[in-house]
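The file work-v1.cif contains mmCIF, C-alpha atoms:
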```
data_model
#
loop_
_atom_site.label_atom_id
_atom_site.label_comp_id
_atom_site.auth_asym_id
_atom_site.auth_seq_id
_atom_site.Cartn_x
_atom_site.Cartn_y
_atom_site.Cartn_z
CA MET U 1 3.68 -19.01 -4.28
CA PHE U 2 6.93 -18.46 -2.35
CA ARG U 3 9.49 -18.56 -5.18
CA SER U 4 10.95 -15.11 -4.43
CA LEU U 5 11.98 -16.32 -0.97
CA GLY U 6 14.56 -18.50 -2.71
CA LEU U 7 16.71 -15.36 -3.07
CA PHE U 8 18.88 -14.43 -0.07
CA ASN U 9 18.33 -10.68 -0.42
CA TYR U 10 14.56 -11.07 -0.63
CA ARG U 11 14.46 -13.40 2.40
CA VAL U 12 16.35 -10.85 4.47
CA TRP U 13 14.12 -8.05 3.19
CA PHE U 14 10.96 -10.06 3.90
CA ILE U 15 11.90 -10.85 7.52
CA GLY U 16 13.03 -7.29 8.28
CA ALA U 17 9.87 -5.84 6.77
CA LEU U 18 7.68 -8.27 8.72
CA VAL U 19 9.19 -7.30 12.08
CA SER U 20 9.09 -3.59 11.22
CA ASN U 21 5.50 -3.79 9.98
CA ILE U 22 4.36 -5.52 13.17
CA GLY U 23 5.76 -2.60 15.13
CA GLY U 24 4.18 -0.15 12.71
CA TRP U 25 0.72 -1.66 13.21
CA MET U 26 1.22 -1.60 16.99
CA GLN U 27 2.08 2.09 16.76
CA SER U 28 -0.85 2.83 14.45
CA THR U 29 -3.24 1.21 16.92
CA ALA U 30 -1.74 3.19 19.79
CA GLN U 31 -1.83 6.49 17.88
CA ASP U 32 -5.48 6.09 16.93
CA TRP U 33 -6.42 5.18 20.49
CA VAL U 34 -4.48 8.12 21.95
CA VAL U 35 -6.26 10.61 19.69
CA LEU U 36 -9.68 9.03 20.17
CA THR U 37 -9.67 8.43 23.93
CA GLU U 38 -6.75 10.24 25.64
CA LEU U 39 -6.46 13.53 23.77
CA THR U 40 -10.17 13.89 22.86
CA ASP U 41 -13.52 12.57 24.08
CA ASN U 42 -14.15 9.98 21.33
CA ASN U 43 -13.76 12.64 18.62
CA ALA U 44 -13.71 10.76 15.29
CA THR U 45 -13.20 14.02 13.38
CA ALA U 46 -9.90 14.65 15.20
CA MET U 47 -8.86 11.14 14.29
CA GLY U 48 -9.68 11.86 10.65
CA VAL U 49 -7.57 15.04 10.77
CA THR U 50 -4.65 13.06 12.21
CA MET U 51 -4.89 10.57 9.35
CA ALA U 52 -5.13 13.43 6.83
CA LEU U 53 -1.95 15.04 8.17
CA GLN U 54 -0.11 11.72 8.14
CA PHE U 55 -1.14 10.72 4.63
CA GLY U 56 -1.20 14.17 3.01
CA PRO U 57 2.55 14.71 2.38
CA PRO U 58 2.85 11.90 -0.22
CA LEU U 59 0.28 13.74 -2.31
CA VAL U 60 1.93 17.16 -1.94
CA LEU U 61 5.50 15.91 -2.40
CA VAL U 62 4.80 13.34 -5.12
CA GLY U 63 7.06 14.97 -7.74
CA ALA U 64 10.08 15.26 -5.47
CA THR U 65 9.75 11.84 -3.81
CA GLY U 66 9.41 10.01 -7.12
CA TRP U 67 12.40 11.78 -8.60
CA VAL U 68 14.48 10.94 -5.50
CA ALA U 69 13.46 7.26 -5.74
CA ASP U 70 14.65 7.12 -9.38
CA ARG U 71 17.71 9.34 -9.03
CA PHE U 72 19.44 7.96 -5.92
CA ASP U 73 20.34 4.58 -4.42
CA ARG U 74 17.04 3.31 -2.98
CA ARG U 75 18.81 1.24 -0.33
CA LYS U 76 20.50 4.37 1.04
CA ILE U 77 17.20 6.27 0.90
CA LEU U 78 15.61 3.57 3.06
CA PHE U 79 18.47 3.74 5.55
CA ALA U 80 17.72 7.45 5.99
CA THR U 81 13.92 7.28 6.13
CA GLN U 82 13.83 4.30 8.50
CA GLY U 83 16.26 6.09 10.82
CA VAL U 84 14.10 9.22 10.88
CA LEU U 85 10.95 7.19 11.58
CA LEU U 86 12.75 5.47 14.46
CA LEU U 87 13.67 8.81 16.06
CA LEU U 88 10.12 10.17 15.65
CA ALA U 89 8.65 7.08 17.35
CA ILE U 90 11.01 7.54 20.31
CA ALA U 91 10.06 11.23 20.61
CA VAL U 92 6.31 10.51 20.67
CA GLY U 93 6.78 7.68 23.17
CA VAL U 94 8.80 9.87 25.54
CA LEU U 95 6.22 12.70 25.39
CA LEU U 96 3.41 10.25 26.15
CA LEU U 97 5.34 8.72 29.05
CA MET U 98 5.99 12.19 30.45
CA ASP U 99 2.26 12.93 30.07
CA VAL U 100 2.89 16.16 28.14
CA MET U 101 1.47 15.12 24.77
CA THR U 102 -1.27 17.40 23.41
CA LEU U 103 -3.54 17.15 20.38
CA PRO U 104 -1.69 19.91 18.43
CA LEU U 105 1.63 18.15 19.17
CA MET U 106 0.19 14.86 17.92
CA PHE U 107 -0.99 16.62 14.76
CA GLY U 108 2.56 17.90 14.26
CA PHE U 109 4.13 14.47 14.71
CA ALA U 110 1.54 12.96 12.35
CA LEU U 111 2.70 15.46 9.72
CA LEU U 112 6.37 14.57 10.32
CA PHE U 113 5.59 10.86 10.05
CA GLY U 114 3.81 11.65 6.79
CA ILE U 115 6.79 13.54 5.34
CA ALA U 116 9.20 10.71 6.20
CA ASN U 117 6.83 8.11 4.74
CA ALA U 118 6.40 10.22 1.59
CA PHE U 119 10.05 9.54 0.74
CA ASP U 120 10.09 6.02 2.21
CA SER U 121 7.07 4.53 0.38
CA PRO U 122 8.00 4.98 -3.32
CA ALA U 123 11.59 3.95 -2.62
CA ARG U 124 10.39 0.89 -0.70
CA GLN U 125 7.88 -0.09 -3.39
CA ALA U 126 10.31 0.34 -6.27
CA PHE U 127 13.16 -1.31 -4.33
CA VAL U 128 11.43 -4.67 -4.81
CA THR U 129 12.46 -4.61 -8.48
CA ASP U 130 16.05 -3.97 -7.35
CA VAL U 131 15.95 -7.13 -5.22
CA VAL U 132 14.24 -9.55 -7.66
CA SER U 133 14.17 -9.88 -11.44
CA ARG U 134 11.21 -8.66 -13.47
CA GLU U 135 9.67 -12.11 -13.94
CA ASN U 136 9.44 -12.49 -10.15
CA ALA U 137 8.33 -8.91 -9.46
CA SER U 138 4.60 -9.67 -9.29
CA ASN U 139 5.22 -12.56 -6.89
CA ALA U 140 7.53 -10.44 -4.72
CA VAL U 141 4.97 -7.61 -4.55
CA ALA U 142 2.28 -10.08 -3.46
CA LEU U 143 4.58 -11.59 -0.81
CA ASN U 144 5.33 -8.07 0.42
CA SER U 145 1.59 -7.61 0.81
CA ALA U 146 1.40 -10.93 2.66
CA SER U 147 4.14 -9.76 5.02
CA PHE U 148 2.29 -6.48 5.55
CA ASN U 149 -0.94 -8.31 6.35
CA MET U 150 0.73 -10.89 8.57
CA ALA U 151 1.93 -7.88 10.53
CA ARG U 152 -1.59 -6.47 10.48
CA LEU U 153 -2.81 -9.78 11.89
CA ILE U 154 -0.35 -9.68 14.79
CA GLY U 155 0.40 -5.99 15.38
CA PRO U 156 -3.00 -4.50 16.27
CA ALA U 157 -3.90 -7.36 18.63
CA VAL U 158 -0.53 -7.12 20.41
CA GLY U 159 -0.75 -3.32 20.39
CA GLY U 160 -4.24 -3.38 21.91
CA VAL U 161 -3.09 -5.66 24.73
CA LEU U 162 0.08 -3.59 25.33
CA ILE U 163 -2.00 -0.39 25.54
CA VAL U 164 -3.97 -1.95 28.40
CA VAL U 165 -0.92 -3.52 30.09
CA VAL U 166 1.90 -0.94 29.74
CA GLY U 167 0.29 2.14 28.15
CA THR U 168 0.47 3.85 24.77
CA GLY U 169 3.86 5.49 25.34
CA TRP U 170 5.69 2.18 25.61
CA VAL U 171 4.04 0.94 22.43
CA PHE U 172 5.78 3.76 20.52
CA ILE U 173 9.11 2.90 22.19
CA ILE U 174 8.74 -0.78 21.27
CA ASN U 175 7.95 0.17 17.69
CA ALA U 176 11.13 2.26 17.57
CA ALA U 177 13.08 -0.91 18.39
CA THR U 178 11.42 -2.83 15.53
CA PHE U 179 12.80 -0.32 13.01
CA LEU U 180 16.20 -1.81 13.79
CA ALA U 181 15.10 -5.02 12.06
CA MET U 182 14.70 -3.19 8.76
CA LEU U 183 17.99 -1.35 9.17
CA VAL U 184 19.79 -4.65 9.90
CA ALA U 185 18.14 -6.27 6.86
CA LEU U 186 19.29 -3.45 4.59
CA PHE U 187 22.81 -3.73 6.01
CA MET U 188 22.95 -7.53 5.50
CA MET U 189 21.92 -7.45 1.83
CA ARG U 190 24.45 -8.63 -0.73
CA THR U 191 24.77 -5.52 -2.88
CA ASP U 192 26.46 -7.41 -5.72
CA GLU U 193 23.26 -9.50 -6.13
CA LEU U 194 20.94 -6.50 -6.49
CA VAL U 195 19.47 -6.07 -9.98
CA PRO U 196 21.31 -3.30 -11.89
CA ARG U 197 19.10 -0.43 -12.98
CA VAL U 198 19.37 2.75 -15.00
CA ARG U 199 19.03 5.80 -12.77
CA ALA U 200 17.30 8.87 -14.12
CA THR U 201 19.31 12.08 -14.23
CA GLY U 202 18.18 15.65 -14.41
CA ALA U 203 15.42 17.49 -12.57
CA GLN U 204 13.58 18.07 -15.86
CA ARG U 205 12.34 14.47 -15.77
CA ILE U 206 10.24 14.79 -12.61
CA ALA U 207 7.09 15.17 -14.71
CA ASP U 208 7.75 11.98 -16.69
CA GLY U 209 5.84 9.92 -14.16
CA PHE U 210 2.71 12.05 -14.60
CA ARG U 211 3.01 12.00 -18.39
CA TYR U 212 3.48 8.26 -18.41
CA VAL U 213 0.35 7.64 -16.33
CA TRP U 214 -1.69 10.11 -18.40
CA ARG U 215 -0.83 8.30 -21.65
CA ARG U 216 -1.83 4.94 -20.19
CA PRO U 217 -5.68 4.72 -19.95
CA ASP U 218 -5.43 1.42 -18.06
CA LEU U 219 -3.26 3.05 -15.39
CA ARG U 220 -5.59 6.04 -15.16
CA VAL U 221 -8.56 3.76 -14.51
CA THR U 222 -6.55 1.74 -11.98
CA PHE U 223 -5.59 4.91 -10.12
CA VAL U 224 -9.20 6.15 -10.11
CA ILE U 225 -10.46 2.87 -8.65
CA VAL U 226 -7.77 2.85 -5.97
CA PHE U 227 -8.42 6.51 -5.10
CA ILE U 228 -12.20 6.13 -4.70
CA VAL U 229 -11.97 3.03 -2.53
CA GLY U 230 -9.01 4.45 -0.59
CA ALA U 231 -10.73 7.76 0.11
CA PHE U 232 -14.09 6.48 1.33
CA GLY U 233 -13.74 2.77 1.99
CA MET U 234 -10.31 2.14 3.52
CA ASN U 235 -10.65 4.27 6.64
CA PHE U 236 -10.44 1.17 8.80
CA PRO U 237 -8.98 2.86 11.91
CA ILE U 238 -12.07 5.08 12.05
CA PHE U 239 -14.50 2.25 11.29
CA ALA U 240 -12.96 -0.32 13.67
CA SER U 241 -12.40 2.03 16.61
CA THR U 242 -15.86 3.61 16.50
CA MET U 243 -17.55 0.23 15.99
CA ALA U 244 -15.57 -1.18 18.93
CA LEU U 245 -16.90 1.66 21.09
CA GLU U 246 -20.43 1.10 19.78
CA PHE U 247 -20.24 -2.55 20.86
CA GLY U 248 -18.86 -1.49 24.27
CA ARG U 249 -15.30 -2.78 23.71
CA ASP U 250 -12.00 -1.31 24.88
CA ALA U 251 -8.61 -0.96 23.13
CA ASP U 252 -8.11 -4.74 23.04
CA GLY U 253 -11.45 -5.09 21.23
CA TYR U 254 -10.34 -2.50 18.68
CA GLY U 255 -7.03 -4.29 18.16
CA LEU U 256 -8.82 -7.60 17.70
CA LEU U 257 -11.02 -6.14 14.93
CA SER U 258 -7.90 -4.96 13.09
CA SER U 259 -6.37 -8.42 13.42
CA VAL U 260 -9.53 -10.14 12.18
CA LEU U 261 -9.49 -7.81 9.17
CA ALA U 262 -5.95 -9.00 8.52
CA ILE U 263 -7.00 -12.68 8.33
CA GLY U 264 -8.90 -12.02 5.12
CA SER U 265 -6.17 -9.63 3.97
CA LEU U 266 -3.51 -12.31 4.34
CA ALA U 267 -5.62 -14.79 2.36
CA GLY U 268 -6.03 -12.23 -0.43
CA ALA U 269 -2.30 -11.54 -0.54
CA LEU U 270 -1.35 -15.22 -0.71
CA LEU U 271 -3.84 -15.90 -3.51
CA ALA U 272 -2.39 -12.92 -5.38
CA ALA U 273 1.07 -14.47 -5.00
CA ARG U 274 -0.18 -17.62 -6.77
CA ARG U 275 -1.27 -15.73 -9.90
CA GLU U 276 1.24 -15.59 -12.71
CA ARG U 277 0.50 -11.91 -13.38
CA ALA U 278 -1.71 -9.09 -12.20
CA ARG U 279 -4.84 -8.40 -14.26
CA MET U 280 -7.12 -5.38 -14.56
CA ARG U 281 -10.33 -7.38 -14.23
CA VAL U 282 -9.28 -8.71 -10.81
CA ILE U 283 -8.89 -5.10 -9.60
CA MET U 284 -12.41 -4.21 -10.78
CA PHE U 285 -14.21 -7.25 -9.37
CA ALA U 286 -12.34 -6.97 -6.07
CA ALA U 287 -13.53 -3.35 -5.74
CA GLY U 288 -17.11 -4.53 -6.26
CA GLY U 289 -16.66 -7.37 -3.76
CA PHE U 290 -15.31 -4.87 -1.24
CA GLY U 291 -18.41 -2.71 -1.69
CA VAL U 292 -20.81 -5.62 -1.12
CA ALA U 293 -18.90 -6.96 1.90
CA SER U 294 -18.75 -3.48 3.49
CA LEU U 295 -22.49 -2.91 3.08
CA VAL U 296 -23.31 -6.28 4.61
CA SER U 297 -20.90 -5.74 7.54
CA SER U 298 -22.50 -2.37 8.33
CA VAL U 299 -25.80 -4.01 9.36
CA MET U 300 -24.33 -6.73 11.58
CA PRO U 301 -26.04 -6.60 15.02
CA THR U 302 -23.25 -8.07 17.18
CA TYR U 303 -19.52 -7.65 17.64
CA LEU U 304 -18.82 -11.27 16.64
CA LEU U 305 -20.81 -11.10 13.40
CA TYR U 306 -19.21 -7.78 12.47
CA ALA U 307 -15.76 -9.27 13.11
CA LEU U 308 -16.56 -12.29 10.91
CA LEU U 309 -17.65 -10.06 8.02
CA LEU U 310 -14.41 -8.08 8.30
CA THR U 311 -12.50 -11.10 6.96
CA SER U 312 -14.34 -10.69 3.63
CA VAL U 313 -13.71 -6.94 3.65
CA GLY U 314 -9.99 -7.57 4.22
CA PHE U 315 -9.84 -10.23 1.51
CA PHE U 316 -11.31 -8.01 -1.22
CA THR U 317 -9.32 -4.96 -0.08
CA VAL U 318 -5.94 -6.64 -0.31
CA THR U 319 -6.82 -8.51 -3.50
CA MET U 320 -7.57 -5.15 -5.13
CA MET U 321 -4.57 -3.29 -3.70
CA THR U 322 -2.00 -6.06 -4.26
CA THR U 323 -3.15 -6.68 -7.81
CA ALA U 324 -3.12 -2.95 -8.58
CA ASN U 325 0.39 -2.61 -7.15
CA GLY U 326 1.67 -5.59 -9.13
CA TYR U 327 -0.03 -4.41 -12.32
CA VAL U 328 1.51 -0.93 -12.06
CA GLN U 329 5.01 -2.23 -11.32
CA THR U 330 5.14 -5.01 -13.91
CA THR U 331 3.72 -2.99 -16.81
CA THR U 332 5.67 0.23 -16.22
CA ASP U 333 8.82 1.24 -18.09
CA VAL U 334 11.76 0.61 -15.75
CA ALA U 335 13.23 4.08 -16.42
CA VAL U 336 10.23 5.84 -14.85
CA ARG U 337 9.09 3.16 -12.39
CA GLY U 338 10.11 5.09 -9.27
CA ARG U 339 8.20 8.19 -10.36
CA VAL U 340 5.15 6.19 -11.40
CA MET U 341 5.18 4.39 -8.03
CA ALA U 342 5.40 7.78 -6.33
CA VAL U 343 2.26 8.84 -8.20
CA TYR U 344 0.62 5.54 -7.24
CA MET U 345 1.52 5.93 -3.55
CA ALA U 346 0.33 9.54 -3.67
CA VAL U 347 -3.02 8.32 -4.97
CA ILE U 348 -3.29 5.72 -2.20
CA MET U 349 -2.01 7.79 0.69
CA GLY U 350 -3.33 11.07 -0.69
CA SER U 351 -6.84 9.65 -0.82
CA THR U 352 -6.87 9.49 2.98
CA PRO U 353 -6.60 13.27 3.60
CA PHE U 354 -9.52 13.66 1.22
CA GLY U 355 -11.76 10.93 2.59
CA ALA U 356 -10.78 10.39 6.24
CA PRO U 357 -12.15 13.71 7.59
CA ILE U 358 -15.40 13.07 5.69
CA ALA U 359 -15.63 9.52 7.06
CA GLY U 360 -14.85 10.77 10.56
CA TRP U 361 -17.53 13.48 10.32
CA VAL U 362 -20.12 10.99 9.02
CA ALA U 363 -19.25 8.55 11.83
CA GLU U 364 -19.60 11.32 14.44
CA GLN U 365 -22.83 12.77 13.05
CA PHE U 366 -24.68 9.67 11.80
CA GLY U 367 -22.85 6.78 13.44
CA PRO U 368 -20.07 4.42 12.28
CA ARG U 369 -22.48 2.24 10.30
CA ALA U 370 -23.31 5.14 7.99
CA ALA U 371 -19.59 5.78 7.42
CA ILE U 372 -19.04 2.12 6.52
CA GLN U 373 -21.99 2.24 4.12
CA LEU U 374 -20.46 5.27 2.43
CA GLY U 375 -17.32 3.21 1.83
CA GLY U 376 -19.36 0.30 0.49
CA VAL U 377 -21.11 2.51 -2.05
CA ALA U 378 -17.69 3.89 -3.07
CA GLY U 379 -16.51 0.35 -3.82
CA LEU U 380 -19.51 -0.31 -6.08
CA VAL U 381 -18.99 3.01 -7.88
CA ALA U 382 -15.30 2.20 -8.45
CA CYS U 383 -16.24 -1.22 -9.87
CA ALA U 384 -18.81 0.40 -12.18
CA ILE U 385 -16.20 2.88 -13.47
CA GLY U 386 -13.79 0.04 -14.22
CA LEU U 387 -16.40 -2.05 -15.99
CA GLY U 388 -17.56 0.98 -17.99
CA TRP U 389 -14.02 1.62 -19.19
CA LEU U 390 -13.58 -2.07 -20.03
CA MET U 391 -16.70 -2.09 -22.20
CA PHE U 392 -15.63 0.95 -24.24
CA SER U 393 -11.87 0.29 -24.36
CA GLY U 394 -12.03 -2.35 -27.09
CA ARG U 395 -10.69 -5.05 -24.75
CA LEU U 396 -14.02 -6.84 -24.23
CA HIS U 397 -14.97 -9.33 -26.94
CA ARG U 398 -17.54 -12.07 -27.44
CA ASP U 399 -16.05 -15.54 -27.30
CA PRO U 400 -16.40 -17.00 -30.85
CA GLU U 401 -16.90 -20.52 -29.44
CA HIS U 402 -19.49 -19.66 -26.77
CA ARG U 403 -22.50 -17.52 -27.55
CA PHE U 404 -23.02 -16.00 -24.10
CA ARG U 405 -19.39 -15.78 -22.93
CA LEU U 406 -17.24 -12.64 -23.02
CA THR U 407 -13.46 -12.54 -23.04
CA VAL U 408 -11.05 -9.79 -22.03
CA ASP U 409 -8.06 -8.98 -24.23
CA GLU U 410 -5.11 -8.53 -21.87
CA THR U 411 -2.62 -8.01 -24.71
CA GLN U 412 -3.56 -4.49 -25.84
CA PRO U 413 -0.48 -2.44 -26.78
CA ILE U 414 0.90 -0.23 -24.02
CA TRP U 415 1.91 3.33 -24.78
CA VAL U 416 5.06 4.40 -22.97
CA VAL U 417 6.88 7.65 -22.36
CA ARG U 418 10.14 7.51 -24.20
CA THR U 419 12.94 8.94 -22.11
CA PRO U 420 15.99 10.41 -23.83
CA PRO U 421 18.38 7.65 -24.97
CA GLU U 422 21.11 6.66 -22.54
CA GLU U 423 24.65 5.94 -23.58
CA PHE U 424 25.03 2.17 -23.94
CA SER U 425 26.94 0.53 -21.12
CA ASP U 426 27.42 -2.83 -19.43
CA GLU U 427 25.04 -1.69 -16.67
CA ILE U 428 22.26 -1.07 -19.18
CA ALA U 429 23.02 -4.32 -20.99
CA ALA U 430 22.65 -6.20 -17.69
CA THR U 431 19.06 -4.96 -17.39
CA THR U 432 18.11 -6.45 -20.76
CA PRO U 433 16.14 -9.71 -20.23
CA ILE U 434 17.92 -11.51 -23.11
CA ARG U 435 20.52 -14.11 -22.34
CA VAL U 436 23.28 -14.48 -24.94
CA PRO U 437 25.09 -17.83 -24.74
CA SER U 438 28.82 -17.59 -24.35
CA ASP U 439 31.19 -19.20 -26.83
CA ARG U 440 32.35 -22.63 -25.89
#
```

What is this structure when it is put down as C-alpha cells?
Amino acid sequence: MFRSLGLFNYRVWFIGALVSNIGGWMQSTAQDWVVLTELTDNNATAMGVTMALQFGPPLVLVGATGWVADRFDRRKILFATQGVLLLLAIAVGVLLLMDVMTLPLMFGFALLFGIANAFDSPARQAFVTDVVSRENASNAVALNSASFNMARLIGPAVGGVLIVVVGTGWVFIINAATFLAMLVALFMMRTDELVPRVRATGAQRIADGFRYVWRRPDLRVTFVIVFIVGAFGMNFPIFASTMALEFGRDADGYGLLSSVLAIGSLAGALLAARRERARMRVIMFAAGGFGVASLVSSVMPTYLLYALLLTSVGFFTVTMMTTANGYVQTTTDVAVRGRVMAVYMAVIMGSTPFGAPIAGWVAEQFGPRAAIQLGGVAGLVACAIGLGWLMFSGRLHRDPEHRFRLTVDETQPIWVVRTPPEEFSDEIAATTPIRVPSDR
C-alpha cells in the first residue's frame, strides 16, 4: 500500500503536499463561509458563482496548460504556481483583516486562484510520473489522493474552528504559510533521481491531447462519468454549508461535515492504493454507489445521521476519482501525458462552473436536500452510461465455466496517437522499461 514512500523524492513530495493541502482546505472552508455569511445573506447562488469562477479557467485554458506541462520542467512550473498562490492568499487575508473585501473583489480573486490552479494542476498531476517509475504510478496517484483526503479530514475542521476563534482573514494568512511546505519540498528533491522524460516540442502539438482522448473510447467514457458526477454531485461546499445551516449549525459544524466526508474519502484512497492497477469497472460501480449514498443522505432527519452517511458518499467519490486518475495516467502514452492530464483536469474542474451555479440555485429555491438528490441521480446516470458502453464495447463476456457469471476483458488493445519520431538519445533510452544486463 505504501511502497512509493520508499523513495526519498516521493516522501518529501508527500509530506509537502499534505501540509499544503491542509492549508488549502482551511482556506476553502473560509472562502465559502465568507461568501455565504459575510458578503451575502446565505446566498447559495453567489457561492456557486464563486466556485464557477475558480474552476472555470482550467476548462478555458486547457490547451495552453497541457502544452506547458509537457513542454517545460514541471518542477519549475510548480515553483512558479505555488508562489503565485501564496501571494494571492496573503492578499485576500489582508483585505479581509482590513474589512474592505467585497463580493466583486472575491469573485476577482476566485478567478485569479482559478488561473493559477489551471497551470498548477496538470503539472502537479503529471509530475507524479517524474517522481516514481511507471510500475509505481498507480500506487503513487492513490497515495496522493490519500494525502489530499487526510488534509480534507483535518483542514475543514481546523478551518471551521479558526474562523470562530481568529476570523476568516487569518485563515488565509495561515494558508499562505503552508505553501512554503510545498516550495521547500520541491527545493529538497534530488533532481538526479527524477525519472527522465521526453518533452514535447512545438506549439503544433497542443491538440494531441484532445486527439488522443477522442481515439480512446475508454477514456471518453471515463471523462463523461467524471464530468457528470463532478458537475452535479461533487458540489460539497454548497451541500455541506447549506445543510449545516438547515440543521442550525455554525462554521464549526460546516467544517466538521467536510471532515466527516474525508473519513470515507481517506478509506477509499487507501483501498485504491492496495489495488495493483486501476480498472474501468471500479469507476462505474463507484459512480453508482455515490448516487445511492447521496440519495439516502438527502433524507436523513438529523445532523448526526447526515454526517454518518457522508462517510459513504466520500468513500465512493474518492474511489471513483482516484481510480479514474490512475487509469488515465497509467494507460496514456508518456509523450502526451501532460496534455491528456490537462484535459482530464479541465473535465473535473470545468464541470464545476457548469454544475455549481445550478446546484446553488436548486439549493436556494428548493432546499439543499433537492440539490443533493440531483447529484445522486447524476451518479446513477453516469453509472448507467458506463455500463451501457461496457455492454456494447465487446469487453463483456460470459464466463465459459459459470453459466450466470460475466467477465470483463481488461486487455483490449489501446489506440494511441503517434507523435512524430524523436531522435534517439540516452535520455529516451532511459525511459524504456527494459533492463539490459551489463557485460561481466

| request: For segment 211-228 of chain U, list every protein, DNA or RNA residue within 6 Å, evaluated using only C-alpha atoms, and leave out those in the same chain fewer than 3 positions away; present the list as a ChimeraX atom specification. | output: /U:208,231,347-348,351,382,417

Written selection (C-alpha atoms) as an mmCIF file, in the coordinates of the input:
```
data_model
loop_
_atom_site.group_PDB
_atom_site.id
_atom_site.type_symbol
_atom_site.label_atom_id
_atom_site.label_comp_id
_atom_site.auth_asym_id
_atom_site.auth_seq_id
_atom_site.Cartn_x
_atom_site.Cartn_y
_atom_site.Cartn_z
ATOM 1 C CA ASP U 208 7.750 11.980 -16.690
ATOM 2 C CA ALA U 231 -10.730 7.760 0.110
ATOM 3 C CA VAL U 347 -3.020 8.320 -4.970
ATOM 4 C CA ILE U 348 -3.290 5.720 -2.200
ATOM 5 C CA SER U 351 -6.840 9.650 -0.820
ATOM 6 C CA ALA U 382 -15.300 2.200 -8.450
ATOM 7 C CA VAL U 417 6.880 7.650 -22.360
#
```

Would you translate the PyMOL selection byres ((chain U and resi 280) around 10) into the concrete set of residues it matches in this file, as an mmCIF file with C-alpha atoms, keeping the file's coordinate frame?
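Wrote selection.cif, looks like this:
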```cif
data_model
loop_
_atom_site.group_PDB
_atom_site.id
_atom_site.type_symbol
_atom_site.label_atom_id
_atom_site.label_comp_id
_atom_site.auth_asym_id
_atom_site.auth_seq_id
_atom_site.Cartn_x
_atom_site.Cartn_y
_atom_site.Cartn_z
ATOM 1 C CA ASP U 218 -5.430 1.420 -18.060
ATOM 2 C CA LEU U 219 -3.260 3.050 -15.390
ATOM 3 C CA VAL U 221 -8.560 3.760 -14.510
ATOM 4 C CA THR U 222 -6.550 1.740 -11.980
ATOM 5 C CA ALA U 278 -1.710 -9.090 -12.200
ATOM 6 C CA ARG U 279 -4.840 -8.400 -14.260
ATOM 7 C CA ARG U 281 -10.330 -7.380 -14.230
ATOM 8 C CA VAL U 282 -9.280 -8.710 -10.810
ATOM 9 C CA ILE U 283 -8.890 -5.100 -9.600
ATOM 10 C CA MET U 284 -12.410 -4.210 -10.780
ATOM 11 C CA PHE U 285 -14.210 -7.250 -9.370
ATOM 12 C CA MET U 320 -7.570 -5.150 -5.130
ATOM 13 C CA THR U 323 -3.150 -6.680 -7.810
ATOM 14 C CA ALA U 324 -3.120 -2.950 -8.580
ATOM 15 C CA TYR U 327 -0.030 -4.410 -12.320
ATOM 16 C CA GLY U 386 -13.790 0.040 -14.220
ATOM 17 C CA LEU U 387 -16.400 -2.050 -15.990
ATOM 18 C CA LEU U 390 -13.580 -2.070 -20.030
ATOM 19 C CA VAL U 408 -11.050 -9.790 -22.030
ATOM 20 C CA GLU U 410 -5.110 -8.530 -21.870
#
```

| For segment 29-36 of chain U: contacts at 7 Å, all atoms listed in the file, fewer than 4 positions along chain excluded, given as a VMD selection string | chain U and resid 25 40 to 44 47 156 159 to 160 163 168 171 237 255

| field | Explicit residue set for the PyMOL selection byres ((chain U and resi 189) around 8), as a PyMOL selection string | value | chain U and resi 8-9+12-13+185-188+190-191

| query | What is the distance, in Å and to one decimal place, between atom CA of Asp250 of chain U and atom CA of Ala177 of chain U? | reply |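 Taking atom CA of Asp250 of chain U and atom CA of Ala177 of chain U, their separation equals 25.9 Å.
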
| query | Once the PyMOL selection byres ((chain U and resi 52) around 10) has been applied to the shown file, what residues remain in the selection, as a PyMOL selection string? | reply | chain U and resi 46-51+53-57+107+110-111+114+349-357

| Separation of atom CA of Arg339 of chain U and atom CA of Val62 of chain U, in Å? |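 Computing it gives 8.1 Å between the two atoms.
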
| field | Length of the atom CA of Tyr303 of chain U to atom CA of Arg249 of chain U vector [Å] | value |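 Spanning atom CA of Tyr303 of chain U to atom CA of Arg249 of chain U is a straight-line distance of 8.9 Å.
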